[in-house]
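Chemist: Pasting entry_4.txt below, which is compact mmCIF, C-alpha atoms.
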# COMPACT_ATOMS: atom_id res chain seq x y z
CA MET R 1 0.00 0.00 0.00
CA PHE R 2 2.82 2.38 0.77
CA GLU R 3 5.83 3.28 -1.27
CA PRO R 4 8.99 1.57 -0.05
CA MET R 5 10.87 3.92 2.20
CA SER R 6 14.12 1.99 2.37
CA SER R 7 16.02 4.50 0.23
CA ARG R 8 15.40 7.23 2.77
CA PRO R 9 17.74 7.52 5.75
CA HIS R 10 15.97 7.09 9.00
CA ASP R 11 16.67 10.25 10.89
CA SER R 12 14.57 10.79 13.94
CA ARG R 13 16.03 14.27 14.40
CA GLY R 14 14.25 15.33 11.22
CA LYS R 15 10.82 14.64 12.66
CA LYS R 16 8.35 17.42 12.06
CA GLN R 17 6.08 18.72 14.76
CA ILE R 18 2.58 18.26 13.45
CA LYS R 19 -0.27 20.26 14.87
CA ARG R 20 -3.73 18.80 14.62
CA GLY R 21 -6.64 21.15 14.97
CA GLY R 22 -4.69 23.46 17.26
CA ASP R 23 -3.34 20.65 19.40
CA GLU R 24 0.27 21.50 20.21
CA THR R 25 1.34 17.97 20.98
CA SER R 26 3.93 16.51 18.67
CA GLU R 27 3.21 13.47 16.60
CA THR R 28 5.70 10.78 17.42
CA SER R 29 3.83 7.58 16.74
CA MET R 30 5.26 5.05 14.37
CA ALA R 31 3.01 4.30 11.47
CA ASN R 32 4.36 1.18 9.92
CA SER R 33 7.01 -1.39 10.04
CA GLU R 34 8.65 -2.84 6.98
CA ARG R 35 11.33 -5.52 7.06
CA GLY R 36 11.78 -5.04 10.76
CA ARG R 37 12.36 -1.33 10.48
CA THR R 38 9.98 1.18 11.91
CA ILE R 39 9.09 4.12 9.75
CA PRO R 40 8.09 7.35 11.44
CA ARG R 41 4.55 8.38 10.73
CA ASP R 42 5.71 11.78 9.58
CA GLN R 43 7.91 10.32 6.84
CA HIS R 44 5.02 8.21 5.79
CA LEU R 45 2.77 11.20 5.68
CA GLN R 46 5.22 13.18 3.59
CA ALA R 47 5.52 10.27 1.16
CA ALA R 48 1.74 10.02 0.92
CA LEU R 49 1.44 13.71 0.23
CA LYS R 50 4.19 13.58 -2.39
CA LYS R 51 2.50 10.63 -4.05
CA ALA R 52 -0.79 12.51 -4.24
CA GLU R 53 0.90 15.69 -5.50
CA ASN R 54 2.66 13.73 -8.24
CA ALA R 55 -0.59 12.01 -9.20
CA VAL R 56 -2.32 15.35 -9.74
CA LYS R 57 0.29 16.14 -12.38
CA MET R 58 -0.36 12.90 -14.26
CA GLU R 59 -2.48 12.76 -17.36
CA GLU R 60 -4.46 9.88 -15.91
CA ILE R 61 -4.49 8.43 -12.41
CA GLU R 62 -4.79 4.67 -12.55
CA GLY R 63 -7.26 2.88 -10.34
CA ASP R 64 -4.71 1.32 -7.98
CA LEU R 65 -2.95 4.60 -7.38
CA PHE R 66 -6.26 6.38 -6.83
CA GLN R 67 -7.24 3.75 -4.28
CA GLU R 68 -3.88 4.09 -2.47
CA ILE R 69 -4.18 7.87 -2.32
CA LEU R 70 -7.69 7.62 -0.91
CA ARG R 71 -6.58 5.11 1.71
CA ASP R 72 -3.55 7.19 2.68
CA GLY R 73 -5.80 10.22 2.90
CA LYS R 74 -8.26 8.40 5.12
CA MET R 75 -5.49 7.34 7.47
CA PHE R 76 -3.45 10.52 7.67
CA LEU R 77 -6.37 12.93 7.57
CA GLU R 78 -8.06 10.80 10.21
CA MET R 79 -11.33 10.81 8.36
CA SER R 80 -13.88 8.04 8.07
CA GLU R 81 -15.28 6.96 4.71
CA GLU R 82 -18.52 8.69 5.69
CA GLU R 83 -16.70 11.95 6.36
CA ILE R 84 -14.90 11.73 3.04
CA ALA R 85 -18.20 11.00 1.28
CA ASP R 86 -19.82 14.01 2.96
CA GLU R 87 -16.96 16.29 1.95
CA LEU R 88 -17.06 15.09 -1.65
CA LEU R 89 -20.88 15.29 -1.79
CA VAL R 90 -21.14 11.70 -2.91
CA SER R 91 -22.81 8.82 -1.17
CA HIS R 92 -21.10 6.61 1.35
CA PRO R 93 -21.71 3.39 -0.63
CA ARG R 94 -20.09 5.01 -3.66
CA VAL R 95 -16.99 6.03 -1.71
CA ASN R 96 -16.88 2.57 -0.18
CA ARG R 97 -16.85 1.09 -3.68
CA TRP R 98 -13.93 3.36 -4.59
CA PHE R 99 -12.02 2.28 -1.50
CA HIS R 100 -12.48 -1.36 -2.34
CA GLY R 101 -11.73 -1.01 -6.02
CA LYS R 102 -15.21 -2.11 -7.09
CA ASP R 103 -15.78 1.09 -8.95
CA LEU R 104 -13.74 4.03 -10.08
CA PRO R 105 -14.82 7.60 -10.69
CA ARG R 106 -14.29 9.05 -14.14
CA ARG R 107 -10.86 10.34 -15.14
CA ARG R 108 -11.32 14.05 -14.41
CA VAL R 109 -13.42 13.50 -11.31
CA ARG R 110 -10.66 11.17 -10.08
CA LYS R 111 -8.08 13.89 -10.50
CA SER R 112 -10.30 16.44 -8.74
CA ILE R 113 -10.66 14.09 -5.80
CA VAL R 114 -6.91 13.55 -5.55
CA ASN R 115 -6.46 17.30 -5.74
CA TRP R 116 -8.90 17.66 -2.87
CA VAL R 117 -6.89 15.11 -0.85
CA VAL R 118 -3.70 17.11 -1.49
CA ASN R 119 -5.38 20.29 -0.31
CA GLN R 120 -6.68 18.60 2.81
CA TYR R 121 -3.24 17.65 4.12
CA PRO R 122 -2.14 21.14 5.20
CA THR R 123 -5.69 22.11 6.17
CA ARG R 124 -6.25 19.11 8.38
CA MET R 125 -2.78 19.02 9.83
CA GLY R 126 -2.81 22.73 10.64
CA THR R 127 0.57 23.25 9.03
CA MET B 1 -46.11 38.86 -3.96
CA ALA B 2 -42.82 37.55 -2.63
CA PRO B 3 -39.83 38.20 -4.87
CA LEU B 4 -38.43 35.22 -6.74
CA PRO B 5 -35.21 33.76 -5.39
CA LYS B 6 -32.09 34.96 -7.14
CA SER B 7 -30.19 31.71 -6.91
CA PHE B 8 -30.58 27.97 -6.53
CA VAL B 9 -28.25 25.07 -5.82
CA PHE B 10 -28.68 21.77 -7.60
CA ALA B 11 -27.01 18.92 -5.73
CA GLN B 12 -27.25 15.40 -4.46
CA VAL B 13 -29.37 15.35 -1.32
CA PRO B 14 -27.15 14.43 1.63
CA SER B 15 -28.35 11.83 4.09
CA THR B 16 -28.59 14.59 6.71
CA ALA B 17 -31.46 16.12 4.71
CA GLU B 18 -33.35 12.90 4.10
CA HIS B 19 -36.22 13.73 6.43
CA THR B 20 -36.75 17.21 4.96
CA ALA B 21 -36.63 15.67 1.50
CA PHE B 22 -39.20 13.07 2.46
CA GLU B 23 -41.56 15.73 3.83
CA PHE B 24 -41.19 17.68 0.61
CA HIS B 25 -41.95 14.58 -1.44
CA ARG B 26 -44.85 13.54 0.78
CA THR B 27 -46.55 16.92 0.46
CA PHE B 28 -46.55 16.56 -3.31
CA ALA B 29 -47.38 12.90 -3.51
CA SER B 30 -50.38 13.36 -1.27
CA ARG B 31 -51.80 15.99 -3.61
CA ASP B 32 -50.92 14.56 -6.99
CA PRO B 33 -52.26 11.08 -7.76
CA HIS B 34 -49.72 10.69 -10.59
CA ILE B 35 -46.76 10.90 -8.26
CA HIS B 36 -45.88 7.54 -6.91
CA PRO B 37 -45.63 8.00 -3.14
CA ARG B 38 -42.41 6.72 -1.67
CA THR B 39 -42.13 5.71 1.93
CA GLU B 40 -39.80 7.45 4.34
CA SER B 41 -37.54 4.43 4.46
CA GLU B 42 -37.31 4.39 0.67
CA MET B 43 -36.43 8.07 0.54
CA LYS B 44 -33.89 7.52 3.28
CA GLU B 45 -32.33 4.71 1.29
CA PHE B 46 -32.24 6.86 -1.86
CA ALA B 47 -30.52 9.69 0.00
CA GLN B 48 -28.02 7.38 1.64
CA SER B 49 -27.12 5.76 -1.64
CA GLY B 50 -26.76 9.09 -3.42
CA GLN B 51 -29.73 8.60 -5.69
CA LEU B 52 -31.74 11.58 -4.58
CA LEU B 53 -31.10 14.90 -6.28
CA GLY B 54 -32.57 18.17 -5.21
CA VAL B 55 -32.76 21.91 -5.76
CA ARG B 56 -32.66 24.36 -2.87
CA ARG B 57 -33.12 28.08 -2.95
CA THR B 58 -30.00 29.67 -1.49
CA ASP B 59 -31.79 32.36 0.54
CA THR B 60 -33.81 29.95 2.71
CA ASN B 61 -32.09 26.64 1.93
CA GLY B 62 -35.56 25.17 1.42
CA PHE B 63 -36.19 22.54 -1.23
CA VAL B 64 -37.92 23.70 -4.39
CA GLY B 65 -37.38 20.55 -6.40
CA LEU B 66 -36.62 16.88 -6.02
CA CYS B 67 -36.19 13.80 -8.15
CA TYR B 68 -34.48 10.46 -7.91
CA VAL B 69 -32.64 8.09 -10.19
CA VAL B 70 -32.70 4.75 -8.43
CA HIS B 71 -31.55 1.27 -9.10
CA ASP B 72 -33.79 -1.41 -7.72
CA SER B 73 -31.81 -4.62 -7.28
CA GLY B 74 -34.63 -6.55 -8.96
CA GLU B 75 -34.58 -4.37 -12.07
CA SER B 76 -32.03 -4.08 -14.83
CA ALA B 77 -32.49 -0.38 -15.47
CA TRP B 78 -32.17 2.74 -13.36
CA GLN B 79 -35.42 4.50 -12.84
CA LEU B 80 -35.89 8.24 -13.04
CA GLY B 81 -38.88 9.42 -11.06
CA GLY B 82 -40.42 11.53 -8.34
CA LEU B 83 -39.93 14.82 -10.11
CA THR B 84 -41.59 17.52 -8.06
CA VAL B 85 -41.01 21.26 -8.35
CA THR B 86 -42.69 24.01 -6.36
CA MET B 87 -41.78 26.86 -8.70
CA PRO B 88 -43.02 25.95 -12.16
CA ARG B 89 -42.10 27.60 -15.45
CA MET B 90 -38.65 28.64 -14.29
CA GLY B 91 -36.78 25.76 -15.89
CA ILE B 92 -35.95 24.22 -12.53
CA GLY B 93 -37.44 20.81 -13.29
CA LYS B 94 -35.70 20.50 -16.63
CA LEU B 95 -32.30 21.43 -15.23
CA LEU B 96 -32.84 19.13 -12.27
CA VAL B 97 -33.57 16.17 -14.55
CA ARG B 98 -30.58 17.06 -16.75
CA PHE B 99 -28.38 17.22 -13.68
CA ALA B 100 -29.79 13.96 -12.28
CA LEU B 101 -29.10 12.17 -15.56
CA ALA B 102 -25.59 13.59 -15.85
CA HIS B 103 -24.78 12.81 -12.22
CA THR B 104 -26.02 9.23 -12.54
CA ILE B 105 -24.11 8.67 -15.76
CA VAL B 106 -20.83 10.18 -14.53
CA PHE B 107 -20.88 8.52 -11.11
CA GLY B 108 -22.81 5.36 -11.87
CA GLU B 109 -21.83 2.35 -13.90
CA LEU B 110 -24.17 2.69 -16.81
CA LEU B 111 -21.70 2.72 -19.64
CA GLN B 112 -18.85 0.34 -20.24
CA GLU B 113 -16.66 0.33 -23.31
CA GLY B 114 -19.03 2.56 -25.15
CA ARG B 115 -22.16 0.54 -24.50
CA TRP B 116 -25.03 0.89 -22.10
CA VAL B 117 -24.87 -1.78 -19.45
CA ARG B 118 -27.87 -0.31 -17.69
CA LYS B 119 -30.39 2.02 -19.19
CA ILE B 120 -32.29 4.80 -17.52
CA THR B 121 -36.05 4.53 -17.79
CA ALA B 122 -38.97 6.58 -16.59
CA TYR B 123 -42.42 5.20 -15.89
CA VAL B 124 -45.18 7.69 -16.44
CA HIS B 125 -48.71 7.06 -15.30
CA LYS B 126 -50.86 6.68 -18.39
CA GLU B 127 -53.05 9.58 -17.43
CA ASN B 128 -50.18 11.86 -16.49
CA LYS B 129 -49.46 14.15 -19.43
CA ALA B 130 -47.23 16.58 -17.57
CA PRO B 131 -43.74 15.05 -17.90
CA ARG B 132 -44.06 13.85 -21.50
CA GLY B 133 -42.88 17.06 -23.12
CA LEU B 134 -39.85 17.16 -20.84
CA LEU B 135 -38.95 13.53 -21.54
CA LYS B 136 -39.31 14.09 -25.26
CA ASP B 137 -37.11 17.21 -25.13
CA LEU B 138 -34.43 15.26 -23.31
CA ARG B 139 -34.67 12.50 -25.94
CA PHE B 140 -36.28 9.78 -23.94
CA GLN B 141 -37.94 7.36 -26.28
CA HIS B 142 -41.26 5.67 -25.71
CA SER B 143 -40.30 2.05 -25.13
CA GLY B 144 -43.48 0.34 -24.08
CA GLU B 145 -46.60 0.26 -22.09
CA ILE B 146 -46.85 -1.69 -18.93
CA VAL B 147 -49.96 -2.66 -17.06
CA PHE B 148 -49.10 -3.97 -13.65
CA SER B 149 -51.59 -6.00 -11.77
CA LEU B 150 -51.05 -5.45 -8.10
CA GLU B 151 -49.88 -9.04 -7.76
CA ASP B 152 -47.21 -8.70 -10.45
CA ALA B 153 -46.09 -5.19 -9.62
CA PRO B 154 -42.40 -4.66 -8.93
CA SER B 155 -41.41 -4.38 -5.29
CA TRP B 156 -41.12 -0.60 -5.35
CA MET B 157 -44.74 -0.38 -6.45
CA LYS B 158 -46.10 -3.04 -4.14
CA GLN B 159 -45.11 -1.02 -1.13
CA ASN B 160 -47.90 1.33 -2.03
CA ALA B 161 -50.34 -1.35 -3.08
CA GLU B 162 -53.12 -0.20 -0.82
CA ARG B 163 -53.28 3.25 -2.34
CA MET B 164 -53.10 1.75 -5.81
CA ARG B 165 -55.84 -0.69 -4.99
CA GLN B 166 -58.07 2.21 -4.12
CA SER B 167 -57.21 4.30 -7.15
CA ALA B 168 -56.58 1.74 -9.83
CA LYS B 169 -59.00 -1.06 -9.18
CA GLY B 170 -56.45 -3.83 -9.20
CA SER B 171 -54.12 -2.69 -11.95
CA VAL B 172 -52.23 0.37 -13.02
CA ALA B 173 -51.01 1.39 -16.46
CA PHE B 174 -47.69 3.09 -17.09
CA GLU B 175 -45.86 4.11 -20.18
CA GLU B 176 -42.17 3.43 -20.23
CA PHE B 177 -39.66 5.89 -21.65
CA THR B 178 -35.98 5.07 -22.09
CA PHE B 179 -33.11 7.53 -22.20
CA THR B 180 -31.33 7.21 -25.55
CA SER B 181 -27.75 7.53 -26.72
CA ASP B 182 -28.86 10.50 -28.74
CA GLY B 183 -30.17 11.96 -25.49
CA LEU B 184 -26.78 11.50 -23.85
CA HIS B 185 -25.00 13.26 -26.71
CA GLN B 186 -27.46 16.10 -26.48
CA LEU B 187 -27.14 16.27 -22.70
CA ALA B 188 -23.36 16.43 -22.82
CA THR B 189 -23.42 19.09 -25.52
CA TRP B 190 -26.01 21.11 -23.64
CA PHE B 191 -23.97 21.17 -20.44
CA TYR B 192 -20.79 21.84 -22.34
CA GLU B 193 -21.94 24.51 -24.72
CA ARG B 194 -25.20 25.99 -23.55
CA PHE B 195 -25.45 25.91 -19.78
CA ASP B 196 -24.18 29.23 -18.47
CA GLY B 197 -25.05 28.81 -14.81
CA THR B 198 -28.44 30.47 -15.01
CA LEU B 199 -32.05 29.49 -15.46
CA HIS B 200 -32.87 31.18 -18.71
CA SER B 201 -36.50 31.90 -18.01
CA SER B 202 -35.75 33.94 -14.88
CA CYS B 203 -32.02 34.65 -15.14
CA ALA B 204 -31.72 33.24 -11.60
CA GLU B 205 -28.33 31.76 -10.80
CA ALA B 206 -28.20 27.95 -10.93
CA GLU B 207 -25.20 26.51 -9.17
CA ILE B 208 -24.32 22.87 -9.64
CA GLY B 209 -23.07 21.63 -6.27
CA LEU B 210 -20.42 18.96 -6.56
CA GLY B 211 -18.31 19.78 -3.52
CA PRO B 212 -14.62 19.92 -4.37
CA ILE B 213 -15.18 18.50 -7.84
CA PRO B 214 -15.19 21.41 -10.29
CA PHE B 215 -18.22 21.46 -12.55
CA LYS B 216 -15.85 21.98 -15.49
CA GLU B 217 -14.27 18.56 -14.88
CA PHE B 218 -17.63 16.92 -14.34
CA LYS B 219 -18.98 18.11 -17.67
CA GLU B 220 -15.73 17.11 -19.41
CA ASP B 221 -16.16 13.59 -18.06
CA LEU B 222 -19.74 13.58 -19.26
CA ARG B 223 -18.63 14.68 -22.70
CA GLU B 224 -15.92 12.01 -22.81
CA LEU B 225 -18.43 9.36 -21.84
CA ALA B 226 -20.85 10.48 -24.51
CA ALA B 227 -18.04 10.40 -27.06
CA THR B 228 -17.30 6.75 -26.27
CA LEU B 229 -20.85 5.65 -27.11
CA LYS B 230 -20.95 3.33 -30.06
Write the structure described by the file as structure tokens, please.
Modeler:
Amino acid sequence: MFEPMSSRPHDSRGKKQIKRGGDETSETSMANSERGRTIPRDQHLQAALKKAENAVKMEEIEGDLFQEILRDGKMFLEMSEEEIADELLVSHPRVNRWFHGKDLPRRRVRKSIVNWVVNQYPTRMGT
Amino acid sequence: MAPLPKSFVFAQVPSTAEHTAFEFHRTFASRDPHIHPRTESEMKEFAQSGQLLGVRRTDTNGFVGLCYVVHDSGESAWQLGGLTVTMPRMGIGKLLVRFALAHTIVFGELLQEGRWVRKITAYVHKENKAPRGLLKDLRFQHSGEIVFSLEDAPSWMKQNAERMRQSAKGSVAFEEFTFTSDGLHQLATWFYERFDGTLHSSCAEAEIGLGPIPFKEFKEDLRELAATLK
């Protein structure tokens, strides 16, 4: 689901302080573990954001990538499928179908949704 | 006389507004025998599955129009119905149906590889003349006449069997109209080239509410879909 992070040096000193909705506490939780190595959530978040930003520049966002970006968004933006559906003004069952790869929005709508995800990162994280 | 609203929003009805939408529908259905009355649970289901489209005036946020495009699991086609508008002759109903069709086609799974996998049909009560002109304008084609006995009626109709029994003496006749490929081409062209964000008859603003999805991209997708039709 996530891009391999092994090429990036693991530097805990580079951790970014992330504010959530005005909360001043720093985010230090570890999001994932690959091949026995723990990847800081913040690095993961940055990779997810980069992935989404790159996708917006693509001519066409393939279904798998769209699904990954949605899932990353759900996790890092801490939103439920229902909340995402409400924000996008589409129904929950439809969003659920997108999440599970049973359906895919049209090409341009897909890009608009990814663009929305990109814009949500700084908004939701308060950075 | 109260001034006409200056702007309207056309959008999918969110599940949070399902009760208001049902009340709006019920008021109409109780007055007009041609409108098939839907139950509150049906309307709730339509709203939750994104199949209910509405128009609200922006000054009061009150509904002025409603329709649905629903897919009954027992049926092969999507069904357009329940069109109700409180402010006639402003073009609200026509734009609402256009939007409902476009929304269903862009977000639904009606076309695959340039072919219809599910059609959109409308059942019109045989005695109801009102929507025929609209359906014809939007290039629905008459595709049959159906007389349902109450016993053989589809599930969505059976739920209101008692009312039908009283009004239709055991059976009810509908005419079926099917949305055509020609209609889709026309719809896409109309949104792309002619819709300027206003209701022409009143010059009131007509916003298409799609959340963060720009209308420009939505209509491009519609046009692309129409272009794939074989």
Chemist: Using only C-alpha atoms, I'd like a table of the residues in chain R that come within 10 Å of chain B; for each, show the closest atom pair and its distance in Å rounded to one decimal, ordered by chain and ascending number, as CSV.
Modeler:
residue,atom,partner,partner_atom,distance
R:Ala85,CA,B:Pro14,CA,9.6
R:Asp86,CA,B:Pro14,CA,7.5
R:Glu87,CA,B:Gly211,CA,6.6
R:Leu88,CA,B:Gly211,CA,5.2
R:Leu89,CA,B:Gly211,CA,5.5
R:Val90,CA,B:Gly50,CA,6.2
R:Ser91,CA,B:Gly50,CA,4.6
R:His92,CA,B:Ser49,CA,6.8
R:Pro93,CA,B:Ser49,CA,6.0
R:Arg94,CA,B:Ser49,CA,7.4
R:Asp103,CA,B:Glu109,CA,7.9
R:Leu104,CA,B:Phe107,CA,8.5
R:Pro105,CA,B:Phe107,CA,6.1
R:Arg106,CA,B:Asp221,CA,6.3
R:Arg107,CA,B:Asp221,CA,6.9
R:Arg108,CA,B:Glu217,CA,5.4
R:Val109,CA,B:Phe218,CA,6.2
R:Arg110,CA,B:Ile213,CA,8.9
R:Lys111,CA,B:Ile213,CA,8.9
R:Ser112,CA,B:Ile213,CA,5.4
R:Ile113,CA,B:Ile213,CA,6.6
R:Val114,CA,B:Ile213,CA,9.9
R:Asn115,CA,B:Pro212,CA,8.7
R:Trp116,CA,B:Pro212,CA,6.3
R:Val117,CA,B:Pro212,CA,9.8
Chemist: Could you write out the selected residues, including C-alpha atoms, as a short mmCIF file (atom, residue, chain, number, x, y, z; two decimals), keeping the file's coordinate frame?
Modeler:
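New file result-v4.cif:
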data_model
loop_
_atom_site.label_atom_id
_atom_site.label_comp_id
_atom_site.auth_asym_id
_atom_site.auth_seq_id
_atom_site.Cartn_x
_atom_site.Cartn_y
_atom_site.Cartn_z
CA ALA R 85 -18.20 11.00 1.28
CA ASP R 86 -19.82 14.01 2.96
CA GLU R 87 -16.96 16.29 1.95
CA LEU R 88 -17.06 15.09 -1.65
CA LEU R 89 -20.88 15.29 -1.79
CA VAL R 90 -21.14 11.70 -2.91
CA SER R 91 -22.81 8.82 -1.17
CA HIS R 92 -21.10 6.61 1.35
CA PRO R 93 -21.71 3.39 -0.63
CA ARG R 94 -20.09 5.01 -3.66
CA ASP R 103 -15.78 1.09 -8.95
CA LEU R 104 -13.74 4.03 -10.08
CA PRO R 105 -14.82 7.60 -10.69
CA ARG R 106 -14.29 9.05 -14.14
CA ARG R 107 -10.86 10.34 -15.14
CA ARG R 108 -11.32 14.05 -14.41
CA VAL R 109 -13.42 13.50 -11.31
CA ARG R 110 -10.66 11.17 -10.08
CA LYS R 111 -8.08 13.89 -10.50
CA SER R 112 -10.30 16.44 -8.74
CA ILE R 113 -10.66 14.09 -5.80
CA VAL R 114 -6.91 13.55 -5.55
CA ASN R 115 -6.46 17.30 -5.74
CA TRP R 116 -8.90 17.66 -2.87
CA VAL R 117 -6.89 15.11 -0.85
#
Chemist: How many Å separate atom CA of Glu53 of chain R from atom CA of Ala102 of chain B?
Modeler: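 Distance reported for this atom pair: 28.5 Å.
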Chemist: Just to confirm, what's the straight-line distance from atom CA of Glu40 of chain B to atom CA of Arg97 of chain R in Å (one decimal)?
Modeler: 25.1 Å
Chemist: Can you pull out the residues contacting Asp137 of chain B? Cut-off 9 Å, using all atoms listed in the file, and skip same-chain residues under 4 positions away; I want them as a CSV table (one decimal) with C-alpha atoms, in the coordinates of the input.
Modeler:
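As a result, result37.csv now contains:
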chain,number,residue,atom,x,y,z
B,132,ARG,CA,-44.1,13.8,-21.5
B,133,GLY,CA,-42.9,17.1,-23.1
B,183,GLY,CA,-30.2,12.0,-25.5
Chemist: List the neighbours of Ala100 of chain B out to 7 Å using all atoms listed in the file; skip same-chain residues closer than 4 positions along the sequence, and give me the result as a PyMOL selection string.
Modeler: chain B and resi 53+69+96+104
